[in-house]
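This is structure12.pdb (PDB, C-alpha atoms).
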MODEL        1
ATOM      1  CA  MET E   1      11.413 -30.996 -23.231
ATOM      2  CA  ASN E   2      12.715 -27.718 -24.577
ATOM      3  CA  TRP E   3       9.273 -26.587 -25.743
ATOM      4  CA  ILE E   4       7.787 -27.290 -22.292
ATOM      5  CA  VAL E   5      10.382 -24.996 -20.705
ATOM      6  CA  ARG E   6       9.704 -22.350 -23.356
ATOM      7  CA  ALA E   7       5.942 -22.653 -22.874
ATOM      8  CA  ALA E   8       6.309 -22.411 -19.082
ATOM      9  CA  HIS E   9       8.546 -19.369 -19.504
ATOM     10  CA  ALA E  10       6.010 -17.736 -21.851
ATOM     11  CA  VAL E  11       3.159 -18.367 -19.368
ATOM     12  CA  TRP E  12       5.279 -16.969 -16.517
ATOM     13  CA  GLU E  13       6.106 -13.856 -18.576
ATOM     14  CA  PHE E  14       2.464 -13.419 -19.589
ATOM     15  CA  VAL E  15       0.959 -13.746 -16.108
ATOM     16  CA  VAL E  16       3.677 -12.590 -13.705
ATOM     17  CA  GLY E  17       5.541 -10.245 -16.061
ATOM     18  CA  ASP E  18       8.408  -8.224 -14.644
ATOM     19  CA  ASP E  19       7.149  -8.048 -11.062
ATOM     20  CA  PRO E  20       7.366 -11.419  -9.273
ATOM     21  CA  PHE E  21       7.361  -9.688  -5.849
ATOM     22  CA  THR E  22       3.817  -8.438  -6.384
ATOM     23  CA  ALA E  23       2.691 -11.890  -7.527
ATOM     24  CA  LEU E  24       4.281 -13.456  -4.445
ATOM     25  CA  GLY E  25       2.674 -10.803  -2.232
ATOM     26  CA  VAL E  26      -0.772 -11.580  -3.678
ATOM     27  CA  VAL E  27      -0.310 -15.297  -2.965
ATOM     28  CA  VAL E  28       0.871 -14.588   0.616
ATOM     29  CA  ALA E  29      -2.049 -12.181   1.268
ATOM     30  CA  LEU E  30      -4.566 -14.750  -0.012
ATOM     31  CA  GLY E  31      -2.898 -17.390   2.198
ATOM     32  CA  VAL E  32      -3.168 -15.138   5.279
ATOM     33  CA  THR E  33      -6.843 -14.490   4.427
ATOM     34  CA  ALA E  34      -7.483 -18.246   4.180
ATOM     35  CA  LEU E  35      -5.710 -18.899   7.505
ATOM     36  CA  ILE E  36      -7.695 -16.253   9.384
ATOM     37  CA  ALA E  37     -10.990 -17.291   7.761
ATOM     38  CA  GLY E  38     -10.178 -20.931   8.548
ATOM     39  CA  ALA E  39      -9.791 -20.004  12.214
ATOM     40  CA  GLY E  40     -13.336 -18.638  12.160
ATOM     41  CA  ALA E  41     -12.402 -14.937  12.436
ATOM     42  CA  PRO E  42     -13.490 -12.219   9.966
ATOM     43  CA  ALA E  43     -10.816 -11.989   7.247
ATOM     44  CA  TRP E  44     -12.324  -9.642   4.634
ATOM     45  CA  TRP E  45     -10.134  -6.759   5.853
ATOM     46  CA  VAL E  46      -6.829  -8.433   4.857
ATOM     47  CA  MET E  47      -6.828  -8.058   1.064
ATOM     48  CA  PRO E  48      -7.722  -4.367   0.500
ATOM     49  CA  PRO E  49      -4.808  -2.849   2.478
ATOM     50  CA  ALA E  50      -2.460  -5.636   1.352
ATOM     51  CA  VAL E  51      -3.221  -4.951  -2.317
ATOM     52  CA  VAL E  52      -2.867  -1.174  -1.950
ATOM     53  CA  ALA E  53       0.468  -1.700  -0.164
ATOM     54  CA  LEU E  54       1.675  -4.089  -2.881
ATOM     55  CA  LEU E  55       0.704  -1.588  -5.572
ATOM     56  CA  GLY E  56       2.461   1.224  -3.699
ATOM     57  CA  PHE E  57       5.677  -0.784  -3.312
ATOM     58  CA  SER E  58       5.552  -1.853  -6.948
ATOM     59  CA  VAL E  59       5.090   1.729  -8.189
ATOM     60  CA  LEU E  60       7.735   3.041  -5.797
ATOM     61  CA  ARG E  61      10.259   0.432  -6.920
ATOM     62  CA  VAL E  62       9.892   1.499 -10.565
ATOM     63  CA  ALA E  63       9.818   5.225  -9.693
ATOM     64  CA  ARG E  64      13.058   4.944  -7.696
ATOM     65  CA  SER E  65      14.802   3.136 -10.522
ATOM     66  CA  ARG E  66      14.206   6.094 -12.888
TER      67      ARG E  66
ATOM     68  CA  MET O  67     -28.314  -7.624 -15.103
ATOM     69  CA  SER O  68     -26.657  -7.767 -11.673
ATOM     70  CA  GLY O  69     -23.973  -5.342 -10.543
ATOM     71  CA  GLN O  70     -21.310  -8.004 -10.984
ATOM     72  CA  GLU O  71     -22.488  -8.745 -14.519
ATOM     73  CA  ILE O  72     -22.370  -5.040 -15.413
ATOM     74  CA  GLY O  73     -18.861  -4.863 -13.940
ATOM     75  CA  LEU O  74     -17.886  -7.927 -15.982
ATOM     76  CA  ALA O  75     -19.293  -6.538 -19.236
ATOM     77  CA  VAL O  76     -17.791  -3.047 -18.789
ATOM     78  CA  SER O  77     -14.356  -4.351 -17.766
ATOM     79  CA  VAL O  78     -14.133  -6.812 -20.653
ATOM     80  CA  PHE O  79     -15.452  -4.215 -23.129
ATOM     81  CA  LEU O  80     -12.869  -1.600 -22.112
ATOM     82  CA  ALA O  81      -9.946  -4.048 -21.895
ATOM     83  CA  CYS O  82     -10.879  -5.383 -25.308
ATOM     84  CA  THR O  83     -11.182  -1.871 -26.742
ATOM     85  CA  VAL O  84      -7.629  -1.022 -25.653
ATOM     86  CA  GLU O  85      -6.164  -4.220 -27.079
ATOM     87  CA  ALA O  86      -8.228  -3.972 -30.272
ATOM     88  CA  VAL O  87      -6.972  -0.415 -30.890
ATOM     89  CA  GLU O  88      -3.372  -1.650 -30.623
ATOM     90  CA  ALA O  89      -4.039  -4.644 -32.874
ATOM     91  CA  LEU O  90      -5.838  -2.412 -35.404
ATOM     92  CA  THR O  91      -2.740  -0.201 -35.691
ATOM     93  CA  ILE O  92      -0.583  -3.217 -36.602
ATOM     94  CA  VAL O  93      -3.087  -4.606 -39.112
ATOM     95  CA  LEU O  94      -3.626  -1.188 -40.711
ATOM     96  CA  ALA O  95       0.129  -0.710 -41.117
ATOM     97  CA  VAL O  96       0.739  -3.988 -42.976
ATOM     98  CA  GLY O  97      -2.569  -3.750 -44.845
ATOM     99  CA  VAL O  98      -1.918  -0.250 -46.180
ATOM    100  CA  THR O  99       1.736  -0.809 -47.082
ATOM    101  CA  ARG O 100       1.696  -4.421 -48.306
ATOM    102  CA  SER O 101      -1.358  -6.679 -48.664
ATOM    103  CA  TRP O 102      -4.833  -6.325 -47.214
ATOM    104  CA  ARG O 103      -5.805  -9.867 -48.205
ATOM    105  CA  SER O 104      -2.853 -11.472 -46.404
ATOM    106  CA  ALA O 105      -3.211  -9.189 -43.371
ATOM    107  CA  LEU O 106      -6.901  -9.996 -43.012
ATOM    108  CA  THR O 107      -6.160 -13.717 -43.417
ATOM    109  CA  GLY O 108      -3.732 -13.329 -40.496
ATOM    110  CA  VAL O 109      -6.451 -11.580 -38.463
ATOM    111  CA  GLY O 110      -8.895 -14.400 -39.229
ATOM    112  CA  ALA O 111      -6.395 -17.117 -38.271
ATOM    113  CA  ALA O 112      -5.519 -15.391 -34.973
ATOM    114  CA  THR O 113      -9.207 -14.855 -34.146
ATOM    115  CA  LEU O 114      -9.819 -18.562 -34.767
ATOM    116  CA  VAL O 115      -6.967 -19.546 -32.417
ATOM    117  CA  LEU O 116      -8.297 -17.193 -29.717
ATOM    118  CA  ALA O 117     -11.837 -18.569 -30.127
ATOM    119  CA  VAL O 118     -10.500 -22.126 -29.740
ATOM    120  CA  ILE O 119      -8.600 -21.115 -26.549
ATOM    121  CA  VAL O 120     -11.734 -19.543 -25.023
ATOM    122  CA  ALA O 121     -13.987 -22.442 -26.127
ATOM    123  CA  ALA O 122     -11.562 -25.061 -24.766
ATOM    124  CA  LEU O 123     -10.636 -23.440 -21.459
ATOM    125  CA  GLY O 124     -14.005 -21.825 -20.649
ATOM    126  CA  PRO O 125     -15.942 -25.031 -19.858
ATOM    127  CA  ALA O 126     -12.894 -26.528 -18.099
ATOM    128  CA  LEU O 127     -12.644 -23.506 -15.794
ATOM    129  CA  THR O 128     -16.360 -23.349 -15.034
ATOM    130  CA  ALA O 129     -16.263 -27.040 -14.025
ATOM    131  CA  LEU O 130     -14.021 -26.191 -11.025
ATOM    132  CA  PRO O 131     -15.603 -25.831  -7.543
ATOM    133  CA  ILE O 132     -16.630 -22.174  -7.107
ATOM    134  CA  ASN O 133     -14.307 -21.408  -4.162
ATOM    135  CA  VAL O 134     -11.251 -22.923  -5.868
ATOM    136  CA  LEU O 135     -12.152 -21.049  -9.033
ATOM    137  CA  ARG O 136     -12.597 -17.737  -7.219
ATOM    138  CA  VAL O 137      -9.350 -17.906  -5.272
ATOM    139  CA  VAL O 138      -7.381 -18.864  -8.405
ATOM    140  CA  VAL O 139      -9.150 -16.339 -10.621
ATOM    141  CA  GLY O 140      -9.007 -13.682  -7.888
ATOM    142  CA  GLY O 141      -5.266 -14.191  -7.543
ATOM    143  CA  LEU O 142      -4.698 -14.076 -11.309
ATOM    144  CA  LEU O 143      -6.886 -10.986 -11.728
ATOM    145  CA  LEU O 144      -4.950  -9.272  -8.951
ATOM    146  CA  ILE O 145      -1.552 -10.087 -10.454
ATOM    147  CA  PHE O 146      -2.752  -9.010 -13.892
ATOM    148  CA  GLY O 147      -4.752  -5.984 -12.713
ATOM    149  CA  LEU O 148      -1.910  -4.649 -10.574
ATOM    150  CA  GLN O 149       0.362  -4.713 -13.640
ATOM    151  CA  TRP O 150      -2.163  -2.687 -15.702
ATOM    152  CA  LEU O 151      -2.668  -0.287 -12.826
ATOM    153  CA  ARG O 152       1.043   0.185 -12.109
ATOM    154  CA  LYS O 153       1.764   1.011 -15.766
ATOM    155  CA  ALA O 154      -1.195   3.418 -15.953
ATOM    156  CA  ILE O 155      -0.115   5.178 -12.718
ATOM    157  CA  LEU O 156       3.461   5.534 -13.999
ATOM    158  CA  ARG O 157       2.163   6.931 -17.319
ATOM    159  CA  TYR O 158      -0.118   9.444 -15.573
ATOM    160  CA  ALA O 159       2.808  10.501 -13.377
ATOM    161  CA  GLY O 160       5.008  11.038 -16.437
ATOM    162  CA  LEU O 161       7.446   8.269 -15.466
ATOM    163  CA  LYS O 162       6.536   6.104 -18.458
ATOM    164  CA  ALA O 163       5.828   7.241 -22.003
ATOM    165  CA  LEU O 164       2.185   7.262 -23.114
ATOM    166  CA  HIS O 165       1.377   4.780 -25.856
ATOM    167  CA  ASP O 166       1.274   6.723 -29.126
ATOM    168  CA  GLU O 167      -0.729   4.974 -31.865
ATOM    169  CA  GLU O 168       0.506   7.309 -34.613
ATOM    170  CA  LYS O 169       4.109   6.618 -33.641
ATOM    171  CA  ALA O 170       3.439   2.867 -33.466
ATOM    172  CA  PHE O 171       1.745   3.045 -36.893
ATOM    173  CA  ALA O 172       4.722   4.899 -38.423
ATOM    174  CA  SER O 173       7.147   2.398 -36.932
ATOM    175  CA  GLU O 174       5.159  -0.609 -38.222
ATOM    176  CA  THR O 175       4.792   1.003 -41.652
ATOM    177  CA  ASP O 176       8.557   1.634 -41.897
ATOM    178  CA  ALA O 177       9.275  -1.965 -40.908
ATOM    179  CA  ALA O 178       6.768  -3.257 -43.484
ATOM    180  CA  ARG O 179       8.380  -1.182 -46.259
ATOM    181  CA  ALA O 180      11.887  -2.242 -45.199
ATOM    182  CA  ALA O 181      10.863  -5.914 -45.522
ATOM    183  CA  GLY O 182      10.811  -5.541 -49.318
ATOM    184  CA  SER O 183       7.957  -5.418 -51.769
ATOM    185  CA  ALA O 184       4.984  -7.729 -51.445
ATOM    186  CA  GLY O 185       4.444 -10.081 -54.383
ATOM    187  CA  ALA O 186       1.192 -10.356 -56.303
ATOM    188  CA  GLY O 187       0.115 -13.474 -54.407
ATOM    189  CA  PHE O 188       0.021 -14.346 -50.714
ATOM    190  CA  ASP O 189       2.284 -12.097 -48.609
ATOM    191  CA  GLY O 190       3.796 -14.063 -45.719
ATOM    192  CA  TYR O 191       5.089 -10.922 -43.985
ATOM    193  CA  SER O 192       1.639  -9.296 -43.786
ATOM    194  CA  PHE O 193       0.057 -12.540 -42.624
ATOM    195  CA  THR O 194       2.663 -13.175 -39.896
ATOM    196  CA  ILE O 195       2.713  -9.630 -38.516
ATOM    197  CA  ALA O 196      -1.102  -9.375 -38.472
ATOM    198  CA  PHE O 197      -1.432 -12.878 -36.962
ATOM    199  CA  LYS O 198       1.131 -12.225 -34.221
ATOM    200  CA  GLY O 199      -0.248  -8.764 -33.444
ATOM    201  CA  VAL O 200      -3.846  -9.919 -33.092
ATOM    202  CA  LEU O 201      -2.897 -13.097 -31.204
ATOM    203  CA  LEU O 202      -0.657 -11.347 -28.679
ATOM    204  CA  GLU O 203      -3.057  -8.470 -28.037
ATOM    205  CA  GLY O 204      -5.976 -10.910 -28.034
ATOM    206  CA  LEU O 205      -4.432 -13.265 -25.471
ATOM    207  CA  GLU O 206      -4.843 -10.650 -22.742
ATOM    208  CA  VAL O 207      -8.477 -10.222 -23.726
ATOM    209  CA  ALA O 208      -9.013 -14.001 -23.808
ATOM    210  CA  PHE O 209      -7.483 -14.198 -20.327
ATOM    211  CA  ILE O 210      -9.827 -11.506 -18.996
ATOM    212  CA  VAL O 211     -12.867 -13.014 -20.766
ATOM    213  CA  LEU O 212     -12.093 -16.441 -19.291
ATOM    214  CA  THR O 213     -11.298 -15.351 -15.742
ATOM    215  CA  PHE O 214     -14.154 -12.845 -15.407
ATOM    216  CA  GLY O 215     -16.614 -15.057 -17.265
ATOM    217  CA  ALA O 216     -15.738 -18.262 -15.423
ATOM    218  CA  SER O 217     -15.994 -16.613 -11.989
ATOM    219  CA  GLN O 218     -19.607 -15.716 -12.691
ATOM    220  CA  HIS O 219     -20.318 -18.792 -14.803
ATOM    221  CA  ASN O 220     -21.017 -16.389 -17.643
ATOM    222  CA  VAL O 221     -18.254 -16.736 -20.234
ATOM    223  CA  GLY O 222     -20.909 -16.008 -22.871
ATOM    224  CA  LEU O 223     -21.570 -12.472 -21.569
ATOM    225  CA  ALA O 224     -17.829 -11.765 -21.387
ATOM    226  CA  ALA O 225     -17.366 -13.042 -24.943
ATOM    227  CA  VAL O 226     -20.245 -10.854 -26.200
ATOM    228  CA  ALA O 227     -18.738  -7.769 -24.498
ATOM    229  CA  ALA O 228     -15.389  -8.547 -26.167
ATOM    230  CA  ALA O 229     -17.033  -9.048 -29.564
ATOM    231  CA  VAL O 230     -18.921  -5.734 -29.285
ATOM    232  CA  ALA O 231     -15.689  -3.905 -28.409
ATOM    233  CA  ILE O 232     -13.892  -5.415 -31.408
ATOM    234  CA  ALA O 233     -16.808  -4.509 -33.690
ATOM    235  CA  VAL O 234     -16.813  -0.892 -32.417
ATOM    236  CA  VAL O 235     -13.039  -0.512 -32.900
ATOM    237  CA  VAL O 236     -13.057  -2.128 -36.357
ATOM    238  CA  LEU O 237     -15.988   0.063 -37.440
ATOM    239  CA  ALA O 238     -14.203   3.165 -36.178
ATOM    240  CA  GLY O 239     -11.027   2.032 -37.968
ATOM    241  CA  VAL O 240     -12.915   1.541 -41.247
ATOM    242  CA  LEU O 241     -14.541   4.976 -40.922
ATOM    243  CA  VAL O 242     -11.363   6.826 -39.939
ATOM    244  CA  ARG O 243      -8.974   4.726 -42.073
ATOM    245  CA  ALA O 244      -6.165   5.620 -39.707
ATOM    246  CA  PRO O 245      -4.869   4.487 -36.312
ATOM    247  CA  LEU O 246      -7.254   5.488 -33.537
ATOM    248  CA  ALA O 247      -4.875   7.940 -31.895
ATOM    249  CA  ARG O 248      -7.607   9.828 -30.045
ATOM    250  CA  VAL O 249      -8.716   6.900 -27.901
ATOM    251  CA  PRO O 250      -7.686   7.751 -24.317
ATOM    252  CA  GLU O 251      -5.761   4.507 -23.907
ATOM    253  CA  ASN O 252      -4.184   5.255 -20.543
ATOM    254  CA  THR O 253      -7.507   6.277 -19.010
ATOM    255  CA  LEU O 254      -9.053   3.027 -20.253
ATOM    256  CA  LYS O 255      -6.078   1.031 -18.959
ATOM    257  CA  PHE O 256      -6.345   2.762 -15.585
ATOM    258  CA  PHE O 257     -10.053   1.966 -15.365
ATOM    259  CA  VAL O 258      -9.547  -1.658 -16.425
ATOM    260  CA  GLY O 259      -6.694  -1.996 -13.907
ATOM    261  CA  VAL O 260      -8.978  -0.682 -11.153
ATOM    262  CA  MET O 261     -11.757  -3.117 -12.127
ATOM    263  CA  LEU O 262      -9.481  -6.167 -12.424
ATOM    264  CA  THR O 263      -7.839  -5.364  -9.091
ATOM    265  CA  SER O 264     -11.171  -4.708  -7.341
ATOM    266  CA  PHE O 265     -12.807  -7.908  -8.604
ATOM    267  CA  GLY O 266      -9.572  -9.755  -7.778
ATOM    268  CA  ILE O 267      -9.786  -8.514  -4.167
ATOM    269  CA  PHE O 268     -13.483  -9.429  -3.982
ATOM    270  CA  TRP O 269     -13.307 -12.928  -5.478
ATOM    271  CA  GLY O 270      -9.908 -13.771  -3.989
ATOM    272  CA  THR O 271     -11.206 -12.996  -0.482
ATOM    273  CA  GLU O 272     -14.401 -14.999  -1.009
ATOM    274  CA  GLY O 273     -12.469 -17.893  -2.527
ATOM    275  CA  ALA O 274     -10.132 -17.913   0.493
ATOM    276  CA  GLY O 275     -13.160 -18.542   2.697
ATOM    277  CA  ALA O 276     -13.976 -15.045   4.000
ATOM    278  CA  SER O 277     -17.291 -13.209   3.612
ATOM    279  CA  TRP O 278     -17.736  -9.546   2.713
ATOM    280  CA  PRO O 279     -19.920  -7.392   4.945
ATOM    281  CA  GLY O 280     -22.865  -6.448   2.738
ATOM    282  CA  GLY O 281     -22.128  -9.192   0.183
ATOM    283  CA  ASP O 282     -21.891  -7.942  -3.416
ATOM    284  CA  ALA O 283     -22.462  -4.357  -2.222
ATOM    285  CA  ALA O 284     -18.888  -4.416  -0.870
ATOM    286  CA  LEU O 285     -17.772  -3.866  -4.475
ATOM    287  CA  LEU O 286     -19.302  -0.397  -4.269
ATOM    288  CA  VAL O 287     -16.687   0.407  -1.637
ATOM    289  CA  ILE O 288     -13.778  -1.629  -3.033
ATOM    290  CA  ILE O 289     -13.857  -0.144  -6.574
ATOM    291  CA  PRO O 290     -13.828   3.541  -5.500
ATOM    292  CA  GLY O 291     -11.313   2.672  -2.780
ATOM    293  CA  VAL O 292      -8.843   1.150  -5.262
ATOM    294  CA  ALA O 293      -9.422   4.058  -7.677
ATOM    295  CA  LEU O 294      -8.809   6.679  -4.980
ATOM    296  CA  ALA O 295      -5.679   4.940  -3.683
ATOM    297  CA  SER O 296      -4.332   4.744  -7.251
ATOM    298  CA  LEU O 297      -5.109   8.402  -7.979
ATOM    299  CA  GLY O 298      -3.420   9.269  -4.691
ATOM    300  CA  MET O 299      -0.286   7.488  -5.899
ATOM    301  CA  VAL O 300      -0.372   9.428  -9.183
ATOM    302  CA  ARG O 301      -0.649  12.695  -7.276
ATOM    303  CA  TRP O 302       2.132  11.730  -4.900
ATOM    304  CA  LEU O 303       4.458  10.699  -7.757
ATOM    305  CA  ARG O 304       3.771  13.946  -9.619
ATOM    306  CA  ARG O 305       4.631  16.000  -6.549
ATOM    307  CA  ALA O 306       7.627  13.924  -5.454
ATOM    308  CA  PRO O 307      10.103  15.186  -8.096
ATOM    309  CA  ALA O 308       9.043  18.794  -7.439
ATOM    310  CA  GLN O 309       9.699  18.419  -3.706
ATOM    311  CA  HIS O 310      13.008  16.804  -4.515
ATOM    312  CA  ALA O 311      13.912  19.701  -6.798
ATOM    313  CA  VAL O 312      12.972  22.219  -4.090
ATOM    314  CA  GLY O 313      15.259  20.449  -1.639
ATOM    315  CA  GLU O 314      18.214  20.584  -4.011
ATOM    316  CA  PRO O 315      20.762  23.387  -3.802
ATOM    317  CA  ALA O 316      20.240  26.120  -6.412
TER     318      ALA O 316
ENDMDL
END
Could the structure of this file be written out as structure tokens, please?
Amino acid sequence: MNWIVRAAHAVWEFVVGDDPFTALGVVVALGVTALIAGAGAPAWWVMPPAVVALLGFSVLRVARSR
Amino acid sequence: MSGQEIGLAVSVFLACTVEAVEALTIVLAVGVTRSWRSALTGVGAATLVLAVIVAALGPALTALPINVLRVVVGGLLLIFGLQWLRKAILRYAGLKALHDEEKAFASETDAARAAGSAGAGFDGYSFTIAFKGVLLEGLEVAFIVLTFGASQHNVGLAAVAAAVAIAVVVLAGVLVRAPLARVPENTLKFFVGVMLTSFGIFWGTEGAGASWPGGDAALLVIIPGVALASLGMVRWLRRAPAQHAVGEPA
């Protein structure tokens, strides 16, 4: 059981790294895109500004901590 | 070759170049100071493990329905690409130290010497350090090869681009016989971050069920858009401390 936890932790560290907020933001933005597209409305405009905003917040968070 | 395939090949090639340069530094350090034979055995073993990972996961990924694949891969590329991009932006802005291959080489060499002398036979230290270095740096490349390749059902092209990058770096390493300190690592990382993020936006949106106006041509707007926004952040971060300093009392 211990190795499963370690493996899961290693995968989490590898993919998500030290910024889980950005990862969560990406998932939420993709979910919003799917909801809007599912309703039949154009949804291509959601991801570009969402990603730029997530990047900006991520950079700002690190910059402020220094 | 389509635009997406060129984007795939260039992104994988550059990402692989960056990681191969870092792995080369580690292998050179243990090879020069301890045992070339053991270090190269470690490189071979790690390459084998990486090849098995790509060969095992590649077909499994490409078997997924295209929309599921694209939303998953798009999301992963975004999470991964945003990390590369954030680090590159912080380095350009002077808020994070640039990766210095000569410094890394000196540090690895000191550690290898401090580990005691290598015997005449197989050197476990050289093998382990080379194996770990190549495996860890290679995992990121394997991830990019798999995600990019699977999304276009072209893992083969991604693997070829990675192999060419490794061959170029190894050849340069053999010719120079020193860590490749002149490779503009942060510029490459910035470019790879832009590409991963842009393709992540493109595939993630398509996988979520939306369509891009202009189809694939939308990438011609997304890639420069992400690059410009990122450069804008670098510029803003560089100016921010100066403005702060101006506002402070003398």
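Close contacts of segment 20-27 of chain E, defined as residues with an atom at most 7 Å away when counting only C-alpha atoms, with chain neighbours fewer than 5 positions off set aside, comprise Leu54 and Ser58 of chain E; Gly141 and Ile145 of chain O.
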Atom CA of Ala29 of chain E to atom CA of Gly281 of chain O: how many Å, to one decimal? 20.3 Å
Would you mind listing what lies within 12 Å of Val287 of chain O as a count of residues only, with all atoms listed in the file counted and same-chain residues fewer than 4 positions away left out? 15
Restrict the distance test to only C-alpha atoms, flag each residue of chain O within 9 Å of chain E, and return the flagged residues as a PyMOL selection string. chain O and resi 137+141-142+144-146+148-149+151-153+155-156+161+206+263-264+267-268+270-279+288+291-292+295-296+299+303
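For the pair atom CA of Ala284 of chain O and atom CA of Ile132 of chain O, the separation is 19.0 Å.
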Determine the residue membership of the PyMOL selection byres ((chain O and resi 113) around 12) for the file above and supply it as a ChimeraX atom specification. /O:86,89,106-112,114-120,196-205,207-208,228-229,232
